[in-house]
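Here is the structure we will look at.
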Amino acid sequence: MADLKITDLHKYYGSTHVVKGVDLEIPAGEFTVLVGQSGCGKSTLLRTIAGLEDANQGSIEIGGQRVNDLPPRDRDIAMVFQNYALYPYMTVFENIAFGLRARRTPRAGIEPKVQRAARMLAIDHLLERFPRQLSGGQLQRVAIGRAVVRNARLYLFDEPLSNLDAQLRDEMRGEIKRLHQDLGKTMIYVTHDQIEAMTMADRIVLLRDGRIEQQGAPLELYERPATRYVAGFLGSPAMNFVPASLTAAGNALVVRTRDGTELALPPTRAETMAAHAGRPVVLGVRPEHMSRGGAGEARAGIVRHTVTIDLLQPTGARTYATFRLGDAPVVAELQAHDVSQPGERIELAFDMNRVVLIDPDSELVIAG
Amino acid sequence: MRSATRHRIKLALRLAAASAITLFFVFPIYWLFMISFKTADEIYSYPPTWWPGQIQFNSYAVLFKDGDATTVWNSFVVASASTVIAMFLGTLCAYAIARFRTGGDHLANWIISQRMVPPIAVVFPIFLLYVWLKLVDTYIGLILLYTAFNLPYVIWMMRGYILDIPRALEESALVDGCTRWQVLWKVVFPMCRAGLFATAIFTFVFAWNDFIFALVLTRTEVTTYTVQVTHYFGGQSNFWAKISAMSVLGTVPIFIIVGFMQRYLVRGMSLGAIKG
C-alpha cells in the first residue's frame, strides 16, 4: 500500500499559485527526492504534506487515511528542517527526547530510545551539550536524531544539508542514505541539488513551476529524460544542447547542425524517428558521451567528428574540454590527458545511441 | 608626553567624569534615604547634615502604626495583578498577530497607538464610568485600568520578540506532537524569556508609579503609595519625614525586582533592539 498518496494538490499563497495540481504516490519504504529549482514548489509541497500549510484543493492520504484536516501532530510524520530547528535552551538529549515527551512516551522508554538514535548517528558523546557548543555537522545529526528517535510512518527532510560545507554534505548524504537502508522507512527529501537527488533517491520527482515534470528512478530520468528541462537539470556538467535539423539521407537519418556537421543516427533509432525527418530538432548530448575515439572502436552509432578545443578544465580524474558545434558551445568529458592545450584539433567519438533529440517547439524529447 | 602617562591621565579623567555623573544621579536617592532616617531637627537644620547623627526608624514605625504602609501593599497588589493579566493576554495577542497575521499588517500599529493616549485625557470619563459600574476605590477597578493601559505595550513588545523566534522551531514542535498551547509553553515562552521579563518589569513599573489614575479612582480603601505620599503635603507644613519614608518604601521593591531581573532586563532590551 502507498504510504503517501497525493491527488490533484493545489496550493496558493494569496493569488500566487505555487503547487499546480500534483499527483503523487509513494510506496512504503521508498526514498523519494523532490528536486527542482528554488521557487518550483518543492518545499511548499513538503510543508503541505506535513500539515504546516493547508492544501487549497486536492487530497493527501498517509497510510490510506485522508489527512488534509489533521494537524501536523496527528499525521504520524517526523521532519528535519533546513536550519536544524534545535532548541537552544535544551541539551542534545532533551532536544532528541522532545518528540517522545510531547507524545507522552513513558519515562523509562525515553532514555534507551535516545541513546539508540544517538549511537546510530555517532553523537552519543554529545548528549549533555547544548546546541551552541556543537558544529554545523553535529547540529544536523542532532536534528536527524530528533526525527529518527520517533517511530513515524513518514520522514520528511527539507533541504537538510544546504547549510553544510561541501565535504560535510558529501559525508552526510551517505549517512542519510545508509540510515534509510537501516530503518527501511518511507522518506521524502527535498533538495535543489541534483547530485543529492541522483545519489540518494530511489525515485526522483522533478518539479518545475508547481508541477511534476517527470518522476522515476534516478538513472531512468538521467538516461531517458522526457523533456529538455529534465535533460538539462540532471547531470554535471549539464547536457549540451545544439540546434540542428533531422535530415533523411538515403535509408539513414542524420542530425545536421548549423555549421553543416552531420552526425548519423544508428539504424535502430533511425527507424523509430523517421517520422521526424526534415524537422528542426535540438541535439542533446551529455559530456561523457563523447570520447577521444580509440582507433578500433566501430560500434553502431559511434560517429567520429573532428573539433577544435578552445577551453580546457582539468578536474584531476577527468578533463572538461569545450569546443563549438554548430553555433553552440559543447563540453566533453575526456580522460585527463586526452587533450594537452587549447587550440588542439582532435577527433571525438559521439555515441549517437545515447544522445537525445528534442522537439524545439514542445521541448519534449522525441521517443526512440 | 609619554604615551603611558597620557593614557593614565585619560583614564583618570574618564573615571572622574563617570564618578561625577553617578554622584549627580544617585544623590537624590541618597538624600531621600537620609531624610527618612533623620530626626525632625536634623531635617530642617542648616547647613544640612549629610549623614544623620543617629540612624532612627521612627518615621517608618509611624507609617506602619498608622496603617499608611498598607498603601504600598495596595500598590503591590494592583501592579502585580495587572502585570500578570496584561502579560498573559498580551502575549497571546502578540502571538496571534505575529504568527497568524490576525488583523492584517496594521493591527499592531493601531494597538500601540492606543498607548499614546495621555492618561489625563481619559481619566475623568473613566471615573464617571467607574462610578456607574461601582468600581471606584476597588482593586478590580485599578487592576482593570492598568491592564488596559499596559496591554498595547505588552502586545507590541512581545510581538517583536516572537517575530525573532525562527518559525521552524515552532513547526518542528508541531510536527513532533505538540498542540499550539504546548508550542507556546515549551518553545515560545522559553525562547523569549528575557523579553517576557523585561516587558513584565516595565509593565509593573508603569502601574507601580502611576499617580493620576490612582488619585482620581481611589478614596480610602485601595489608595496606592503614590497617592498616600501626597497626603503628607499639608497646607501649613510638609511632613518630610513621612514623605521620605513612604517614598523609600515605594522605591525599595523596585530596586529588589530590578536587581533580581537585571540579567533579563539587559538581554531583553538588547534583544528587542536588534529587530526594530
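Labeling convention for the C-alpha cells: chains A, B, ... as they appear, residues from 1 per chain, ligands from 1 in order of appearance.
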Extract the full set of helix (DSSP H, G or I) residues from range 70-199 of chain B according to DSSP on the backbone, and format it as a VMD selection string.
chain B and resid 70 to 100 107 to 114 119 to 133 139 to 163 167 to 175 180 to 191 193 to 199
Residues of chain A within 12 Å of chain B, counting only C-alpha atoms, as a PyMOL selection string
chain A and resi 47-53+70-90+94-105+143-144+146-152+154-158
Writing out the chosen residues with C-alpha atoms as a PDB file, in the first residue's frame:
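Saved as out-v4.pdb:
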```pdb
ATOM      1  CA  ARG A  47       5.173  21.502   4.087  1.00  0.00           C
ATOM      2  CA  THR A  48       1.680  20.755   2.847  1.00  0.00           C
ATOM      3  CA  ILE A  49       2.290  17.044   3.354  1.00  0.00           C
ATOM      4  CA  ALA A  50       3.458  17.852   6.881  1.00  0.00           C
ATOM      5  CA  GLY A  51       0.384  19.941   7.547  1.00  0.00           C
ATOM      6  CA  LEU A  52       2.347  23.130   8.122  1.00  0.00           C
ATOM      7  CA  GLU A  53       0.471  24.579   5.163  1.00  0.00           C
ATOM      8  CA  LEU A  70      -5.462  16.758  10.605  1.00  0.00           C
ATOM      9  CA  PRO A  71      -2.970  18.928  12.467  1.00  0.00           C
ATOM     10  CA  PRO A  72       0.710  18.049  11.891  1.00  0.00           C
ATOM     11  CA  ARG A  73       0.993  16.113  15.145  1.00  0.00           C
ATOM     12  CA  ASP A  74      -1.718  13.663  14.104  1.00  0.00           C
ATOM     13  CA  ARG A  75      -0.178  12.841  10.733  1.00  0.00           C
ATOM     14  CA  ASP A  76       2.391  10.388  12.034  1.00  0.00           C
ATOM     15  CA  ILE A  77       5.319  12.198  10.443  1.00  0.00           C
ATOM     16  CA  ALA A  78       8.766  13.327  11.529  1.00  0.00           C
ATOM     17  CA  MET A  79      10.554  16.184   9.883  1.00  0.00           C
ATOM     18  CA  VAL A  80      14.095  17.524   9.615  1.00  0.00           C
ATOM     19  CA  PHE A  81      14.378  21.233   8.935  1.00  0.00           C
ATOM     20  CA  GLN A  82      16.951  23.143   6.947  1.00  0.00           C
ATOM     21  CA  ASN A  83      18.068  25.283   9.884  1.00  0.00           C
ATOM     22  CA  TYR A  84      18.128  22.319  12.285  1.00  0.00           C
ATOM     23  CA  ALA A  85      15.322  23.767  14.449  1.00  0.00           C
ATOM     24  CA  LEU A  86      17.002  22.758  17.697  1.00  0.00           C
ATOM     25  CA  TYR A  87      16.005  24.347  20.986  1.00  0.00           C
ATOM     26  CA  PRO A  88      18.952  26.390  22.253  1.00  0.00           C
ATOM     27  CA  TYR A  89      17.847  26.116  25.881  1.00  0.00           C
ATOM     28  CA  MET A  90      17.803  22.306  25.873  1.00  0.00           C
ATOM     29  CA  GLU A  94      16.403  16.885  25.647  1.00  0.00           C
ATOM     30  CA  ASN A  95      16.235  18.016  22.040  1.00  0.00           C
ATOM     31  CA  ILE A  96      16.147  14.435  20.829  1.00  0.00           C
ATOM     32  CA  ALA A  97      13.721  13.429  23.553  1.00  0.00           C
ATOM     33  CA  PHE A  98      11.420  16.362  22.802  1.00  0.00           C
ATOM     34  CA  GLY A  99       9.139  14.493  20.421  1.00  0.00           C
ATOM     35  CA  LEU A 100       8.920  11.493  22.739  1.00  0.00           C
ATOM     36  CA  ARG A 101       7.973  13.671  25.691  1.00  0.00           C
ATOM     37  CA  ALA A 102       5.457  15.609  23.613  1.00  0.00           C
ATOM     38  CA  ARG A 103       3.821  12.280  22.813  1.00  0.00           C
ATOM     39  CA  ARG A 104       3.900  11.196  26.439  1.00  0.00           C
ATOM     40  CA  THR A 105       6.231   8.265  25.968  1.00  0.00           C
ATOM     41  CA  ALA A 143      18.267  17.347  14.043  1.00  0.00           C
ATOM     42  CA  ILE A 144      18.132  13.998  12.262  1.00  0.00           C
ATOM     43  CA  ARG A 146      15.153  14.201  16.697  1.00  0.00           C
ATOM     44  CA  ALA A 147      13.324  12.706  13.737  1.00  0.00           C
ATOM     45  CA  VAL A 148      14.555   9.122  13.789  1.00  0.00           C
ATOM     46  CA  VAL A 149      14.020   8.679  17.513  1.00  0.00           C
ATOM     47  CA  ARG A 150      10.339   8.678  16.758  1.00  0.00           C
ATOM     48  CA  ASN A 151       8.730   5.774  15.077  1.00  0.00           C
ATOM     49  CA  ALA A 152       6.874   7.750  12.427  1.00  0.00           C
ATOM     50  CA  LEU A 154       6.756   9.209   7.082  1.00  0.00           C
ATOM     51  CA  TYR A 155      10.056  11.067   7.391  1.00  0.00           C
ATOM     52  CA  LEU A 156      10.350  14.441   5.721  1.00  0.00           C
ATOM     53  CA  PHE A 157      13.631  16.247   5.044  1.00  0.00           C
ATOM     54  CA  ASP A 158      13.562  19.877   3.957  1.00  0.00           C
TER      55      ASP A 158
END
```
Counting only C-alpha atoms, the residue among B:Ser247, B:Thr83, B:Asn74, B:Asn150 that lies closest to Pro119 in chain B is B:Asn150
Enter the distance from CA of Arg107 in chain A to CA of Leu179 in chain A, in Å, rounded to one decimal.
25.8 Å
Shell of 8 Å around Glu128 in chain A, only C-alpha atoms, local chain residues under 4 positions omitted, as a PDB file with N, CA and C atoms, in the first residue's frame:
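Once written, part_7.pdb looks like this:
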```pdb
ATOM      1  N   THR A  91      19.470  20.598  26.256  1.00  0.00           N
ATOM      2  CA  THR A  91      20.629  19.799  25.881  1.00  0.00           C
ATOM      3  C   THR A  91      20.288  18.964  24.652  1.00  0.00           C
ATOM      4  N   VAL A  92      21.315  18.369  24.075  1.00  0.00           N
ATOM      5  CA  VAL A  92      21.110  17.495  22.929  1.00  0.00           C
ATOM      6  C   VAL A  92      20.140  16.377  23.301  1.00  0.00           C
ATOM      7  N   PHE A  93      20.334  15.821  24.502  1.00  0.00           N
ATOM      8  CA  PHE A  93      19.448  14.746  24.947  1.00  0.00           C
ATOM      9  C   PHE A  93      18.001  15.221  24.943  1.00  0.00           C
TER      10      PHE A  93
END
```
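Counting only C-alpha atoms, the residue from B:Ile162, B:Ile256, B:Leu142, B:Val248 that sits nearest to Leu215 in chain B is B:Leu142.
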Near range 342-355 of chain A, counting only C-alpha atoms, which residues have an atom at most 7 Å away, once you skip same-chain residues fewer than 4 positions from it, shown as a PyMOL selection string?
chain A and resi 265-266+284-285+289-293+301-312
Separation of CA of Arg159 in chain B from CA of Gly259 in chain B, in Å and rounded to one decimal
25.7 Å
Residues near Gly368 in chain A, cut-off 8 Å, only C-alpha atoms, skip fewer than 6 positions along chain, as number ranges by chain
A: 269, 272-273
Looking only at strand (DSSP E) from DSSP on the backbone, list the matching residues of range 178-342 of chain A as a compact mmCIF listing (two decimals) with N, CA and C atoms, in the first residue's frame.
```txt
# COMPACT_ATOMS: atom_id res chain seq x y z
N THR A 186 9.78 5.11 5.02
CA THR A 186 9.45 5.95 3.87
C THR A 186 9.98 7.35 4.12
N MET A 187 10.80 7.83 3.21
CA MET A 187 11.40 9.14 3.40
C MET A 187 11.17 10.00 2.17
N ILE A 188 10.88 11.26 2.44
CA ILE A 188 10.74 12.23 1.35
C ILE A 188 11.71 13.36 1.62
N TYR A 189 12.50 13.65 0.62
CA TYR A 189 13.65 14.51 0.81
C TYR A 189 13.60 15.62 -0.23
N VAL A 190 13.65 16.85 0.23
CA VAL A 190 13.59 17.98 -0.69
C VAL A 190 14.98 18.58 -0.86
N THR A 191 15.36 18.82 -2.09
CA THR A 191 16.65 19.47 -2.35
C THR A 191 16.60 20.20 -3.68
N ARG A 203 13.71 7.16 -5.96
CA ARG A 203 12.93 7.78 -7.02
C ARG A 203 13.05 9.29 -6.94
N ILE A 204 13.25 9.90 -8.09
CA ILE A 204 13.31 11.35 -8.16
C ILE A 204 11.98 11.87 -8.69
N VAL A 205 11.46 12.87 -8.01
CA VAL A 205 10.30 13.58 -8.54
C VAL A 205 10.79 14.99 -8.87
N LEU A 206 10.86 15.28 -10.17
CA LEU A 206 11.43 16.56 -10.58
C LEU A 206 10.28 17.56 -10.79
N LEU A 207 10.33 18.62 -9.99
CA LEU A 207 9.25 19.61 -10.05
C LEU A 207 9.71 20.84 -10.83
N ARG A 208 8.77 21.40 -11.56
CA ARG A 208 9.06 22.63 -12.30
C ARG A 208 7.80 23.48 -12.26
N ARG A 211 4.53 21.97 -10.92
CA ARG A 211 4.03 20.71 -11.48
C ARG A 211 5.15 19.68 -11.50
N ILE A 212 4.74 18.39 -11.57
CA ILE A 212 5.75 17.35 -11.72
C ILE A 212 6.17 17.29 -13.17
N GLU A 213 7.43 17.51 -13.42
CA GLU A 213 7.93 17.47 -14.80
C GLU A 213 8.14 16.01 -15.21
N GLN A 214 8.75 15.25 -14.32
CA GLN A 214 8.95 13.83 -14.59
C GLN A 214 9.32 13.14 -13.28
N GLN A 215 8.96 11.89 -13.15
CA GLN A 215 9.40 11.14 -11.98
C GLN A 215 9.84 9.75 -12.39
N GLY A 216 10.76 9.19 -11.60
CA GLY A 216 11.25 7.86 -11.90
C GLY A 216 12.55 7.61 -11.18
N ASN A 240 24.67 19.08 -23.14
CA ASN A 240 24.85 20.13 -24.15
C ASN A 240 23.66 20.12 -25.10
N PHE A 241 23.20 21.30 -25.46
CA PHE A 241 22.10 21.39 -26.42
C PHE A 241 22.58 22.12 -27.68
N VAL A 242 22.41 21.46 -28.80
CA VAL A 242 22.89 22.04 -30.06
C VAL A 242 21.71 22.10 -31.04
N PRO A 243 21.35 23.29 -31.51
CA PRO A 243 20.28 23.40 -32.51
C PRO A 243 20.69 22.68 -33.79
N ALA A 244 19.78 21.93 -34.35
CA ALA A 244 20.13 21.13 -35.53
C ALA A 244 18.84 20.80 -36.28
N SER A 245 19.00 20.01 -37.34
CA SER A 245 17.79 19.51 -38.01
C SER A 245 17.99 18.03 -38.30
N LEU A 246 16.88 17.34 -38.45
CA LEU A 246 16.93 15.91 -38.70
C LEU A 246 16.70 15.71 -40.20
N THR A 247 17.66 15.09 -40.83
CA THR A 247 17.59 15.01 -42.29
C THR A 247 17.72 13.56 -42.74
N ALA A 248 16.89 13.20 -43.72
CA ALA A 248 16.99 11.85 -44.28
C ALA A 248 18.09 11.84 -45.32
N ALA A 249 18.94 10.82 -45.27
CA ALA A 249 19.99 10.66 -46.28
C ALA A 249 19.98 9.21 -46.71
N ALA A 252 19.35 6.31 -44.10
CA ALA A 252 19.82 6.78 -42.79
C ALA A 252 19.18 8.12 -42.44
N LEU A 253 19.25 8.41 -41.11
CA LEU A 253 18.82 9.71 -40.61
C LEU A 253 20.06 10.39 -40.04
N VAL A 254 20.29 11.64 -40.41
CA VAL A 254 21.44 12.34 -39.83
C VAL A 254 20.97 13.60 -39.13
N VAL A 255 21.71 13.91 -38.05
CA VAL A 255 21.48 15.17 -37.34
C VAL A 255 22.45 16.16 -37.95
N ARG A 256 21.89 17.24 -38.57
CA ARG A 256 22.75 18.20 -39.22
C ARG A 256 22.73 19.51 -38.41
N THR A 257 23.91 19.87 -37.90
CA THR A 257 23.98 21.12 -37.13
C THR A 257 24.11 22.29 -38.09
N GLU A 262 27.42 16.67 -39.93
CA GLU A 262 26.39 15.63 -39.98
C GLU A 262 26.76 14.49 -39.06
N LEU A 263 25.85 14.15 -38.16
CA LEU A 263 26.06 13.04 -37.24
C LEU A 263 24.94 12.04 -37.48
N ALA A 264 25.31 10.85 -37.95
CA ALA A 264 24.29 9.87 -38.33
C ALA A 264 23.75 9.13 -37.12
N PRO A 280 13.26 20.64 -37.62
CA PRO A 280 14.31 21.10 -36.72
C PRO A 280 14.26 20.33 -35.40
N VAL A 281 15.42 20.08 -34.83
CA VAL A 281 15.49 19.40 -33.52
C VAL A 281 16.59 20.08 -32.71
N VAL A 282 16.59 19.76 -31.42
CA VAL A 282 17.74 20.14 -30.60
C VAL A 282 18.46 18.86 -30.23
N LEU A 283 19.75 18.82 -30.55
CA LEU A 283 20.55 17.65 -30.21
C LEU A 283 21.01 17.80 -28.77
N GLY A 284 20.69 16.81 -27.94
CA GLY A 284 21.14 16.83 -26.55
C GLY A 284 22.18 15.76 -26.35
N VAL A 285 23.40 16.18 -25.98
CA VAL A 285 24.45 15.19 -25.82
C VAL A 285 25.17 15.43 -24.50
N MET A 290 30.86 11.71 -25.25
CA MET A 290 31.85 11.98 -26.29
C MET A 290 33.18 11.51 -25.73
N SER A 291 34.00 10.89 -26.58
CA SER A 291 35.28 10.44 -26.08
C SER A 291 36.33 10.56 -27.16
N ARG A 292 37.56 10.55 -26.74
CA ARG A 292 38.67 10.54 -27.68
C ARG A 292 38.67 9.16 -28.28
N ILE A 302 28.45 4.96 -33.23
CA ILE A 302 29.60 5.78 -32.86
C ILE A 302 30.00 6.60 -34.09
N VAL A 303 29.94 7.90 -33.95
CA VAL A 303 30.23 8.77 -35.09
C VAL A 303 31.43 9.64 -34.75
N ARG A 304 32.38 9.69 -35.68
CA ARG A 304 33.59 10.48 -35.43
C ARG A 304 33.46 11.86 -36.06
N HIS A 305 33.99 12.82 -35.31
CA HIS A 305 33.94 14.18 -35.83
C HIS A 305 35.12 14.93 -35.23
N THR A 306 35.79 15.73 -36.07
CA THR A 306 36.97 16.44 -35.60
C THR A 306 36.57 17.84 -35.15
N VAL A 307 37.04 18.21 -33.96
CA VAL A 307 36.68 19.51 -33.39
C VAL A 307 37.93 20.24 -32.94
N THR A 308 37.78 21.57 -32.74
CA THR A 308 38.88 22.37 -32.22
C THR A 308 38.56 22.77 -30.78
N ILE A 309 39.39 22.33 -29.86
CA ILE A 309 39.15 22.60 -28.44
C ILE A 309 39.52 24.05 -28.14
N ASP A 310 38.63 24.80 -27.49
CA ASP A 310 39.02 26.17 -27.15
C ASP A 310 39.09 26.45 -25.65
N LEU A 311 38.71 25.48 -24.83
CA LEU A 311 38.86 25.69 -23.39
C LEU A 311 39.05 24.35 -22.70
N LEU A 312 39.98 24.30 -21.75
CA LEU A 312 40.23 23.05 -21.03
C LEU A 312 40.03 23.29 -19.53
N GLN A 313 39.33 22.37 -18.88
CA GLN A 313 39.17 22.49 -17.43
C GLN A 313 39.46 21.14 -16.79
N PRO A 314 40.71 20.90 -16.41
CA PRO A 314 41.04 19.61 -15.79
C PRO A 314 40.49 19.53 -14.37
N ARG A 318 39.25 13.66 -14.57
CA ARG A 318 38.74 13.89 -15.92
C ARG A 318 39.07 15.31 -16.34
N THR A 319 38.92 15.59 -17.64
CA THR A 319 39.14 16.95 -18.12
C THR A 319 37.93 17.37 -18.94
N TYR A 320 37.42 18.56 -18.64
CA TYR A 320 36.30 19.08 -19.42
C TYR A 320 36.86 19.93 -20.55
N ALA A 321 36.53 19.55 -21.78
CA ALA A 321 37.02 20.26 -22.95
C ALA A 321 35.85 20.91 -23.67
N THR A 322 35.98 22.22 -23.92
CA THR A 322 34.90 22.93 -24.59
C THR A 322 35.27 23.19 -26.05
N PHE A 323 34.32 22.97 -26.94
CA PHE A 323 34.51 23.29 -28.36
C PHE A 323 33.17 23.77 -28.89
N ARG A 324 33.15 24.24 -30.13
CA ARG A 324 31.90 24.71 -30.70
C ARG A 324 31.39 23.71 -31.71
N LEU A 325 30.09 23.48 -31.65
CA LEU A 325 29.45 22.58 -32.61
C LEU A 325 28.23 23.33 -33.09
N ALA A 328 26.80 26.39 -31.04
CA ALA A 328 26.65 26.23 -29.59
C ALA A 328 27.95 25.72 -28.97
N PRO A 329 28.28 26.21 -27.76
CA PRO A 329 29.43 25.64 -27.05
C PRO A 329 29.06 24.27 -26.51
N VAL A 330 30.00 23.34 -26.61
CA VAL A 330 29.74 21.98 -26.15
C VAL A 330 30.88 21.55 -25.24
N VAL A 331 30.52 20.94 -24.11
CA VAL A 331 31.53 20.45 -23.17
C VAL A 331 31.60 18.94 -23.27
N ALA A 332 32.82 18.44 -23.47
CA ALA A 332 33.02 16.99 -23.48
C ALA A 332 33.84 16.60 -22.27
N GLU A 333 33.47 15.46 -21.66
CA GLU A 333 34.23 15.00 -20.51
C GLU A 333 35.20 13.93 -21.00
N LEU A 334 36.50 14.28 -21.00
CA LEU A 334 37.51 13.39 -21.58
C LEU A 334 38.44 12.86 -20.48
N GLN A 335 39.29 11.92 -20.88
CA GLN A 335 40.32 11.45 -19.96
C GLN A 335 41.27 12.60 -19.64
```
Give me the residues near Glu221 in chain B as a VMD selection string, where near means some atom within 10 Å (using only C-alpha atoms) and where sequence neighbours in that chain fewer than 5 positions away do not count.
chain B and resid 70 to 71 74 136 to 139
Contacts of range 43-45 of chain B within 9 Å, only C-alpha atoms, excl. fewer than 6 positions in-chain, as number ranges by chain
B: 35-36, 52, 240-241
Could you write out the selected residues, including C-alpha atoms, as an mmCIF file, in the first residue's frame?
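out_10.cif was written with the following content:
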```
data_model
loop_
_atom_site.group_PDB
_atom_site.id
_atom_site.type_symbol
_atom_site.label_atom_id
_atom_site.label_comp_id
_atom_site.auth_asym_id
_atom_site.auth_seq_id
_atom_site.Cartn_x
_atom_site.Cartn_y
_atom_site.Cartn_z
ATOM 1 C CA ILE B 35 15.919 62.235 55.336
ATOM 2 C CA SER B 36 13.878 59.195 56.224
ATOM 3 C CA PRO B 52 22.259 61.649 60.270
ATOM 4 C CA TRP B 240 9.152 65.476 55.240
ATOM 5 C CA ALA B 241 9.981 62.510 57.406
#
```
Work out how far apart CA of Ala108 in chain B and CA of Ala96 in chain B are and give it in Å to one decimal.
10.6 Å
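Between Gly36 in chain A and the candidates A:Gly64, A:Gly136, A:Gly174, A:Gly210, the tightest atom-to-atom separation, counting only C-alpha atoms, involves A:Gly210.
Ranking B:Val131, B:Ala17, B:Ala194, B:Val72 by their shortest atom-to-atom distance to Thr226 in chain B, with only C-alpha atoms included, puts B:Val72 first.
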For Asn56 in chain A, the closest of A:Ala28, A:Val365, A:Val19, A:Leu34 counting only C-alpha atoms is A:Val19
